[in-house]
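Data from final33.csv: CSV, N, CA and C atoms
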chain,number,residue,atom,x,y,z
A,1,MET,N,116.4,104.5,116.7
A,1,MET,CA,115.5,103.4,116.2
A,1,MET,C,114.7,103.9,115.0
A,2,LEU,N,114.2,105.1,115.1
A,2,LEU,CA,113.4,105.7,114.0
A,2,LEU,C,114.2,105.8,112.7
A,3,GLY,N,115.5,106.2,112.8
A,3,GLY,CA,116.3,106.2,111.7
A,3,GLY,C,116.5,104.9,111.0
A,4,THR,N,116.6,103.8,111.9
A,4,THR,CA,116.8,102.5,111.3
A,4,THR,C,115.5,102.0,110.6
A,5,LEU,N,114.4,102.4,111.1
A,5,LEU,CA,113.1,102.0,110.5
A,5,LEU,C,113.0,102.7,109.1
A,6,LYS,N,113.4,104.0,109.1
A,6,LYS,CA,113.3,104.7,107.8
A,6,LYS,C,114.3,104.1,106.8
A,7,GLN,N,115.5,103.7,107.2
A,7,GLN,CA,116.4,103.1,106.3
A,7,GLN,C,115.8,101.8,105.8
A,8,TRP,N,115.2,101.0,106.7
A,8,TRP,CA,114.6,99.7,106.3
A,8,TRP,C,113.4,100.0,105.2
A,9,ALA,N,112.6,101.0,105.5
A,9,ALA,CA,111.5,101.3,104.6
A,9,ALA,C,112.1,101.7,103.2
A,10,ARG,N,113.1,102.6,103.2
A,10,ARG,CA,113.7,103.0,101.9
A,10,ARG,C,114.3,101.8,101.2
A,11,ALA,N,114.9,100.9,101.9
A,11,ALA,CA,115.5,99.7,101.3
A,11,ALA,C,114.4,98.8,100.7
A,12,LEU,N,113.3,98.7,101.4
A,12,LEU,CA,112.1,97.9,100.9
A,12,LEU,C,111.6,98.6,99.6
A,13,LYS,N,111.4,99.9,99.6
A,13,LYS,CA,110.9,100.6,98.4
A,13,LYS,C,111.9,100.3,97.2
A,14,ARG,N,113.2,100.5,97.5
A,14,ARG,CA,114.2,100.3,96.4
A,14,ARG,C,114.1,98.8,95.9
A,15,ASP,N,114.0,97.9,96.8
A,15,ASP,CA,114.0,96.5,96.4
A,15,ASP,C,112.7,96.1,95.7
A,16,VAL,N,111.6,96.8,95.9
A,16,VAL,CA,110.4,96.5,95.2
A,16,VAL,C,110.6,97.0,93.7
A,17,VAL,N,111.2,98.1,93.6
A,17,VAL,CA,111.5,98.6,92.2
A,17,VAL,C,112.5,97.7,91.5
A,18,ALA,N,113.5,97.2,92.3
A,18,ALA,CA,114.5,96.3,91.7
A,18,ALA,C,113.8,95.0,91.3
A,19,LEU,N,112.8,94.5,92.1
A,19,LEU,CA,112.1,93.3,91.7
A,19,LEU,C,111.3,93.6,90.4
A,20,TRP,N,110.7,94.7,90.3
A,20,TRP,CA,109.9,95.1,89.1
A,20,TRP,C,110.8,95.1,87.9
A,21,LEU,N,112.1,95.6,88.1
A,21,LEU,CA,113.0,95.5,87.0
A,21,LEU,C,113.5,94.1,86.7
A,22,ALA,N,113.6,93.3,87.8
A,22,ALA,CA,114.1,91.9,87.7
A,22,ALA,C,113.1,91.0,86.8
A,23,ALA,N,111.8,91.4,87.0
A,23,ALA,CA,110.7,90.6,86.3
A,23,ALA,C,110.9,90.8,84.8
A,24,ARG,N,111.6,91.8,84.3
A,24,ARG,CA,111.8,92.1,82.9
A,24,ARG,C,113.2,91.9,82.4
A,25,ASP,N,114.1,91.5,83.3
A,25,ASP,CA,115.5,91.3,83.0
A,25,ASP,C,115.7,89.9,82.4
A,26,PRO,N,116.3,89.8,81.2
A,26,PRO,CA,116.6,88.5,80.6
A,26,PRO,C,117.6,87.7,81.4
A,27,ARG,N,118.4,88.3,82.2
A,27,ARG,CA,119.4,87.5,83.0
A,27,ARG,C,118.8,86.7,84.2
A,28,VAL,N,117.6,87.1,84.5
A,28,VAL,CA,117.0,86.5,85.7
A,28,VAL,C,116.3,85.2,85.3
A,29,PRO,N,116.4,84.1,86.1
A,29,PRO,CA,115.7,82.9,85.8
A,29,PRO,C,114.2,83.0,85.8
A,30,TRP,N,113.5,82.2,85.0
A,30,TRP,CA,112.1,82.4,84.8
A,30,TRP,C,111.3,82.3,86.1
A,31,TYR,N,111.7,81.4,87.0
A,31,TYR,CA,111.0,81.2,88.3
A,31,TYR,C,111.2,82.4,89.2
A,32,ALA,N,112.4,83.0,89.2
A,32,ALA,CA,112.7,84.2,89.9
A,32,ALA,C,111.9,85.4,89.4
A,33,LYS,N,111.8,85.4,88.0
A,33,LYS,CA,111.0,86.5,87.4
A,33,LYS,C,109.5,86.4,87.8
A,34,ALA,N,109.0,85.2,87.9
A,34,ALA,CA,107.6,85.0,88.3
A,34,ALA,C,107.3,85.5,89.7
A,35,ILE,N,108.2,85.1,90.6
A,35,ILE,CA,108.0,85.5,92.0
A,35,ILE,C,108.3,87.0,92.1
A,36,ALA,N,109.3,87.5,91.5
A,36,ALA,CA,109.6,89.0,91.5
A,36,ALA,C,108.5,89.8,91.0
A,37,GLY,N,107.9,89.3,89.8
A,37,GLY,CA,106.8,90.1,89.2
A,37,GLY,C,105.6,90.1,90.1
A,38,ALA,N,105.3,88.9,90.7
A,38,ALA,CA,104.1,88.8,91.5
A,38,ALA,C,104.3,89.7,92.8
A,39,VAL,N,105.4,89.7,93.4
A,39,VAL,CA,105.7,90.5,94.6
A,39,VAL,C,105.6,92.0,94.3
A,40,ALA,N,106.3,92.3,93.2
A,40,ALA,CA,106.3,93.8,92.8
A,40,ALA,C,104.9,94.2,92.4
A,41,ALA,N,104.2,93.4,91.7
A,41,ALA,CA,102.8,93.8,91.3
A,41,ALA,C,101.9,94.0,92.5
A,42,TYR,N,102.0,93.1,93.5
A,42,TYR,CA,101.2,93.2,94.7
A,42,TYR,C,101.6,94.4,95.5
A,43,ALA,N,103.0,94.6,95.7
A,43,ALA,CA,103.5,95.7,96.5
A,43,ALA,C,103.1,97.1,95.9
A,44,LEU,N,103.1,97.1,94.5
A,44,LEU,CA,102.8,98.4,93.8
A,44,LEU,C,101.3,98.6,93.5
A,45,SER,N,100.5,97.6,93.8
A,45,SER,CA,99.1,97.6,93.5
A,45,SER,C,98.4,98.7,94.4
A,46,PRO,N,97.4,99.4,93.8
A,46,PRO,CA,96.8,100.4,94.6
A,46,PRO,C,95.8,99.9,95.7
A,47,ILE,N,95.5,98.6,95.7
A,47,ILE,CA,94.7,98.0,96.7
A,47,ILE,C,95.4,96.8,97.3
A,48,ASP,N,95.1,96.4,98.5
A,48,ASP,CA,95.7,95.3,99.2
A,48,ASP,C,94.7,94.1,99.3
A,49,LEU,N,95.2,93.0,99.5
A,49,LEU,CA,94.4,91.8,99.7
A,49,LEU,C,93.6,92.0,101.0
A,50,ILE,N,94.2,92.5,102.0
A,50,ILE,CA,93.5,92.8,103.3
A,50,ILE,C,93.5,94.3,103.4
A,51,PRO,N,92.4,95.0,103.2
A,51,PRO,CA,92.4,96.4,103.3
A,51,PRO,C,92.9,97.0,104.6
A,52,ASP,N,93.6,98.1,104.5
A,52,ASP,CA,94.3,98.7,105.7
A,52,ASP,C,93.3,99.1,106.8
A,53,PHE,N,92.0,99.4,106.5
A,53,PHE,CA,91.1,99.9,107.5
A,53,PHE,C,90.6,98.7,108.4
A,54,ILE,N,91.0,97.5,108.1
A,54,ILE,CA,90.6,96.4,109.0
A,54,ILE,C,91.7,96.4,110.1
A,55,PRO,N,91.3,96.6,111.4
A,55,PRO,CA,92.3,96.7,112.5
A,55,PRO,C,93.3,95.5,112.5
A,56,ILE,N,94.5,95.8,112.7
A,56,ILE,CA,95.6,94.8,112.8
A,56,ILE,C,95.8,94.0,111.6
A,57,LEU,N,94.9,93.3,111.1
A,57,LEU,CA,95.0,92.5,109.9
A,57,LEU,C,95.3,93.3,108.7
A,58,GLY,N,94.8,94.5,108.6
A,58,GLY,CA,95.0,95.4,107.5
A,58,GLY,C,96.4,95.7,107.2
A,59,TYR,N,97.2,95.8,108.2
A,59,TYR,CA,98.7,96.1,108.1
A,59,TYR,C,99.5,94.9,108.1
A,60,LEU,N,98.9,93.7,108.3
A,60,LEU,CA,99.7,92.5,108.4
A,60,LEU,C,100.3,92.1,107.1
A,61,ASP,N,99.6,92.3,106.0
A,61,ASP,CA,100.3,92.0,104.7
A,61,ASP,C,101.4,93.0,104.4
A,62,ASP,N,101.3,94.3,104.8
A,62,ASP,CA,102.3,95.2,104.6
A,62,ASP,C,103.6,94.9,105.4
A,63,LEU,N,103.3,94.4,106.6
A,63,LEU,CA,104.4,94.2,107.5
A,63,LEU,C,105.0,92.8,107.4
A,64,ILE,N,104.3,91.8,106.9
A,64,ILE,CA,104.8,90.4,106.9
A,64,ILE,C,104.8,89.9,105.5
A,65,ILE,N,103.7,89.9,104.8
A,65,ILE,CA,103.6,89.2,103.5
A,65,ILE,C,104.5,89.8,102.5
A,66,VAL,N,104.5,91.1,102.3
A,66,VAL,CA,105.3,91.8,101.3
A,66,VAL,C,106.8,91.6,101.6
A,67,PRO,N,107.3,91.9,102.9
A,67,PRO,CA,108.7,91.7,103.1
A,67,PRO,C,109.2,90.2,102.9
A,68,LEU,N,108.3,89.3,103.3
A,68,LEU,CA,108.7,87.9,103.0
A,68,LEU,C,108.8,87.6,101.6
A,69,GLY,N,107.8,88.1,100.8
A,69,GLY,CA,107.9,87.9,99.3
A,69,GLY,C,109.1,88.5,98.7
A,70,ILE,N,109.5,89.7,99.2
A,70,ILE,CA,110.7,90.4,98.7
A,70,ILE,C,111.9,89.6,99.1
A,71,TRP,N,112.0,89.1,100.3
A,71,TRP,CA,113.1,88.2,100.7
A,71,TRP,C,113.2,87.0,99.9
A,72,LEU,N,112.1,86.3,99.6
A,72,LEU,CA,112.2,85.1,98.8
A,72,LEU,C,112.6,85.4,97.4
A,73,ALA,N,112.1,86.5,96.8
A,73,ALA,CA,112.5,86.8,95.4
A,73,ALA,C,113.9,87.2,95.3
A,74,ILE,N,114.4,87.9,96.3
A,74,ILE,CA,115.8,88.3,96.3
A,74,ILE,C,116.7,87.1,96.4
A,75,ARG,N,116.3,86.1,97.2
A,75,ARG,CA,117.1,84.9,97.3
A,75,ARG,C,117.2,84.1,96.0
A,76,LEU,N,116.2,84.2,95.2
A,76,LEU,CA,116.2,83.5,93.9
A,76,LEU,C,116.9,84.2,92.8
A,77,ILE,N,117.2,85.4,93.0
A,77,ILE,CA,118.0,86.2,91.9
A,77,ILE,C,119.5,86.2,92.3
A,78,PRO,N,120.3,85.8,91.3
A,78,PRO,CA,121.7,85.8,91.5
A,78,PRO,C,122.2,87.2,92.1
A,79,SER,N,123.1,87.1,93.1
A,79,SER,CA,123.5,88.3,93.8
A,79,SER,C,124.1,89.4,92.9
A,80,ASP,N,124.9,89.0,91.9
A,80,ASP,CA,125.5,90.1,91.1
A,80,ASP,C,124.4,90.8,90.2
A,81,ILE,N,123.4,90.1,89.8
A,81,ILE,CA,122.3,90.7,89.0
A,81,ILE,C,121.5,91.6,90.0
A,82,MET,N,121.2,91.1,91.2
A,82,MET,CA,120.5,91.9,92.2
A,82,MET,C,121.2,93.2,92.5
A,83,ARG,N,122.5,93.1,92.6
A,83,ARG,CA,123.3,94.3,92.9
A,83,ARG,C,123.1,95.3,91.8
A,84,ASP,N,123.1,94.9,90.5
A,84,ASP,CA,122.9,95.8,89.4
A,84,ASP,C,121.5,96.3,89.4
A,85,LEU,N,120.5,95.5,89.7
A,85,LEU,CA,119.1,96.0,89.7
A,85,LEU,C,118.9,97.0,90.8
A,86,ARG,N,119.5,96.7,92.0
A,86,ARG,CA,119.4,97.7,93.1
A,86,ARG,C,120.0,99.1,92.7
A,87,ALA,N,121.1,99.0,92.0
A,87,ALA,CA,121.8,100.3,91.6
A,87,ALA,C,120.9,101.0,90.6
A,88,GLU,N,120.3,100.3,89.7
A,88,GLU,CA,119.3,100.9,88.7
A,88,GLU,C,118.1,101.4,89.4
A,89,ALA,N,117.6,100.6,90.4
A,89,ALA,CA,116.4,101.0,91.1
A,89,ALA,C,116.5,102.3,91.9
A,90,ALA,N,117.8,102.5,92.4
A,90,ALA,CA,118.0,103.7,93.2
A,90,ALA,C,117.9,105.0,92.4
A,91,THR,N,118.0,104.9,91.0
A,91,THR,CA,117.9,106.0,90.2
A,91,THR,C,116.6,106.2,89.6
A,92,ARG,N,115.7,105.3,89.8
A,92,ARG,CA,114.3,105.3,89.2
A,92,ARG,C,113.3,105.7,90.2
A,93,SER,N,112.2,106.2,89.8
A,93,SER,CA,111.0,106.5,90.7
A,93,SER,C,110.2,105.2,90.8
A,94,LYS,N,109.4,105.2,91.8
A,94,LYS,CA,108.5,104.0,92.0
A,94,LYS,C,107.5,103.9,90.9
A,95,PRO,N,107.4,102.8,90.1
A,95,PRO,CA,106.4,102.7,89.1
A,95,PRO,C,105.0,102.4,89.7
A,96,ARG,N,104.1,102.7,88.9
A,96,ARG,CA,102.7,102.4,89.3
A,96,ARG,C,102.2,101.2,88.4
A,97,THR,N,101.6,100.2,89.0
A,97,THR,CA,101.1,99.1,88.3
A,97,THR,C,99.7,98.7,88.7
A,98,TRP,N,98.9,98.4,87.8
A,98,TRP,CA,97.6,97.9,88.1
A,98,TRP,C,97.5,96.4,87.9
A,99,VAL,N,98.6,95.8,87.6
A,99,VAL,CA,98.6,94.3,87.4
A,99,VAL,C,98.2,93.6,88.6
A,100,GLY,N,98.7,94.0,89.8
A,100,GLY,CA,98.4,93.4,91.1
A,100,GLY,C,96.9,93.6,91.4
A,101,LEU,N,96.2,94.5,90.8
A,101,LEU,CA,94.8,94.8,91.1
A,101,LEU,C,93.9,93.6,90.7
A,102,VAL,N,94.2,93.0,89.6
A,102,VAL,CA,93.4,91.9,89.0
A,102,VAL,C,93.3,90.7,89.9
A,103,PRO,N,94.4,90.1,90.4
A,103,PRO,CA,94.3,89.0,91.3
A,103,PRO,C,93.6,89.3,92.6
A,104,VAL,N,93.9,90.5,93.1
A,104,VAL,CA,93.3,90.9,94.4
A,104,VAL,C,91.8,91.0,94.3
A,105,LEU,N,91.4,91.7,93.2
A,105,LEU,CA,89.9,91.8,92.9
A,105,LEU,C,89.3,90.4,92.7
A,106,ALA,N,90.0,89.5,92.0
A,106,ALA,CA,89.5,88.2,91.7
A,106,ALA,C,89.3,87.4,93.1
A,107,ILE,N,90.2,87.5,94.0
A,107,ILE,CA,90.1,86.8,95.3
A,107,ILE,C,88.9,87.4,96.0
A,108,TRP,N,88.8,88.7,96.0
A,108,TRP,CA,87.6,89.3,96.7
A,108,TRP,C,86.3,88.9,96.1
A,109,VAL,N,86.2,88.9,94.8
A,109,VAL,CA,85.0,88.4,94.1
A,109,VAL,C,84.6,87.0,94.5
A,110,ILE,N,85.6,86.1,94.4
A,110,ILE,CA,85.4,84.7,94.8
A,110,ILE,C,85.0,84.6,96.2
A,111,ALA,N,85.6,85.3,97.1
A,111,ALA,CA,85.2,85.3,98.5
A,111,ALA,C,83.8,85.7,98.7
A,112,VAL,N,83.4,86.8,98.1
A,112,VAL,CA,82.0,87.3,98.2
A,112,VAL,C,81.0,86.3,97.6
A,113,LEU,N,81.4,85.7,96.5
A,113,LEU,CA,80.5,84.6,95.9
A,113,LEU,C,80.3,83.4,96.8
A,114,ILE,N,81.4,83.0,97.4
A,114,ILE,CA,81.4,81.9,98.4
A,114,ILE,C,80.5,82.2,99.6
A,115,LEU,N,80.6,83.5,100.1
A,115,LEU,CA,79.8,83.9,101.2
A,115,LEU,C,78.3,84.0,100.8
A,116,ILE,N,78.0,84.4,99.6
A,116,ILE,CA,76.6,84.5,99.2
A,116,ILE,C,76.1,83.1,99.0
A,117,ARG,N,76.8,82.2,98.4
A,117,ARG,CA,76.4,80.8,98.2
A,117,ARG,C,76.2,80.1,99.5
A,118,TRP,N,77.0,80.4,100.5
A,118,TRP,CA,76.9,79.8,101.8
A,118,TRP,C,75.7,80.2,102.6
Just dump the structure as structure tokens.
Amino acid sequence: MLGTLKQWARALKRDVVALWLAARDPRVPWYAKAIAGAVAAYALSPIDLIPDFIPILGYLDDLIIVPLGIWLAIRLIPSDIMRDLRAEAATRSKPRTWVGLVPVLAIWVIAVLILIRW
């Protein structure tokens, strides 16, 4: 079972890199690029929407939201293109992106302002 989980985790990491590449690939439809870019930016972001130190909920986005976003983006990308992107992603290291940081911080700032106003 542990081996299966490790394979799943490696596949997720590879798919995140493939989605990062898909967001820049001219063969990918614009709507798939948008979803792929958003999912990759969030998955590669240094902070989460729900911080991991919050019990149970902190890991919920890592266990549910990110894999569902990856699944949706992969379904929108033509399979032959996704196969090419996965092959390329297997040879690349995981990129770092701060793009996902901006929307997450914006959501937190808005939530804090709403709480203060309330």
With all atoms listed in the file as the basis for distance, which of A:Leu12, A:Asp52, A:Ile35, A:Arg27 is at the shortest distance from A:Pro67?
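Counting all atoms listed in the file, the residue closest to A:Pro67 is A:Leu12.
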Name the closest residue to A:Ile50 among the candidates A:Val104, A:Lys33, A:Val28, A:Ala90; distances are taken between atoms, counting only N, CA and C atoms.
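Using only N, CA and C atoms, the shortest distance to A:Ile50 belongs to A:Val104.
Taking atom N of A:Ile54 as the reference point, atom C of A:Leu115 is found at 19.9 Å.
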Which one of A:Trp118, A:Pro78, A:Pro103, A:Gly58 sits closest to A:Pro29 if you count only C-alpha atoms?
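Distance minimum relative to A:Pro29 lands on A:Pro78.
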Between atom CA of A:Val16 and atom CA of A:Asp48 - distance in Å to one decimal
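Separating atom CA of A:Asp48 from atom CA of A:Val16 is a distance of 15.3 Å.
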